[in-house]
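Visitor: What follows is a structure written as structure tokens; I'll ask about it next.
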Amino acid sequence: MPTSNLTQIKYTQLNTTTWCVTAQVSELISHLVTGSLWSKSLWSLPCNTPCTDLIDFSSLSWHYHMAKTVTSRQSVPALARKQRQQQRQGVRQLLKELLKKLEINDTLDESSFPYRLVNSQHYVCFSHTGANSTKQTTESNQTSFTRLNSKIAVVISRQRPVGIDIESNNIAWQIVKRFYSKSELTILQELSTDQRERIAKLLWQIKESFIKVNQYTLAQGLGMNYSYLIPNLVESDKNTKLVSVLNDSESINCRSVYRITALQSQQTVVVF
């Protein structure tokens with residue numbers, strides 16, 4: 001498997017049994033386009049035209065002819081497939097980096113959920129952001145670049161299944177109203193717009209993480225009521241700490257009490 005370009009790698013030990021790592025994965029795709037200037041009038045001149053004849057260039061009709069592209073421009077579906085491949089490859093490479101950091105010689109078993117390491121049986125969970133691409137054109141050689149970027153995250157636990165979610169964008173309020181419970185919406189609507197966006201995003205990440213922990217369906221997991229966590233999330237939002245920890249002691253949906261960590265600088269939430 002080819003290697004991905006991983007940058008901004010950050011390791012965090014959450015407790016004696018749980019570690020996570022976040023990074024950015026990127027790939028530059030070039031679309032080389034060659035072209036040449038030609039004049040239809042000049043091209044049609046007889047081959048035996050004397051070199052001493054003067055040609056009035058102002059009277060010629062110039063056209064810019066685009067030669068066949070060396071590398072075809074990526075279509076939107078092709079870029080989406082490339083993005084998914086990048087994310088899949090990136091999180092697995094990041095897992096290797098974490099295993100190397102922890103001096104664990106093991107491999108991933110992907111035969112069933114939750115993922116586990118083959119020998120140690122440690123639990124593993126992945127997350128990545130959605131598609132993000134930037135385009136750039138170099139005029140000198142007419143080369144167009146598309147840079148694919150994703151933020152990725154990995155967590156390992158020796159103890160039990162864990163969940164992780166990394167998000168770079170806020171959750172649209174229309175989506176929040178569609179999936180969140182009435183009690184969650186009631187509390188969120190009492191907050192200022194900025195704080196409401198931050199807390200709604202954290203709630204989304206918590207829901208996504210618990211989906212991975214408990215193997216909920218998407219609709220089931222997003223519909224869970226975590227309104228009892230909002231006061232603590234609001235309090236943590238006022239804190240300048242990089243790491244905040246909540247205990248999910250009131251949840252009746254979990255097999256046991258879980259802890260929730262928000263790595264604010266890394267835009268990541270971990271349930272462990």
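A note on labels: chains of the structure tokens are A, B, ... as shown, every chain counts residues from 1, and ligands are counted from 1 in their shown order.
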With only C-alpha atoms as the counted atoms, please give the residues lying no more than 12 Å from Gln195 in chain A, apart from itself and same-chain residues fewer than 5 positions off, as a list in words.
Guide: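 Near neighbours after the sequence-gap exclusion: Asn170, Ile187, Leu188, Gln189, Glu190, Ala200, Lys201, Leu202, Ile230, Pro231, Leu233, Val234, Glu235, Ser236, Asp237 and Lys238 of chain A.
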Visitor: Do a neighbour search on Ser120 in chain A at 10 Å with only C-alpha atoms, toss out local chain neighbours closer than 5 positions, and write the hits as a list in words.
Guide: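 The contact residues come out as Ile104, Asn105, Asp106, Thr107 and Arg158 of chain A.
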Visitor: For CA of Tyr115 in chain A and CA of Ile164 in chain A, quote the distance in Å rounded to one decimal.
Guide: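 Those two atoms sit 12.7 Å apart.
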Visitor: Kindly give the distance, in Å, that separates CA of Arg116 in chain A and CA of Ser4 in chain A, rounded to a single decimal.
Guide: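 Value for the CA of Arg116 in chain A-CA of Ser4 in chain A distance: 22.4 Å.
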Visitor: Pick out each residue of range 71-243 of chain A that DSSP on the backbone tags as strand (DSSP E or B); I need them as JSON, numbers by chain.
Guide: {"A": [108, 109, 115, 116, 117, 123, 124, 125, 126, 127, 128, 132, 133, 134, 135, 136, 137, 138, 143, 144, 145, 146, 147, 148, 149, 150, 151, 152, 153, 154, 155, 156, 157, 163, 164, 165, 166, 243]}
Visitor: From the options A:Thr193, A:Thr129, A:Asn214, A:Thr261, which residue's atoms come nearest to Trp19 in chain A, counting only C-alpha atoms?
Guide: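 Of all the options, A:Thr261 lies closest to Trp19 in chain A.
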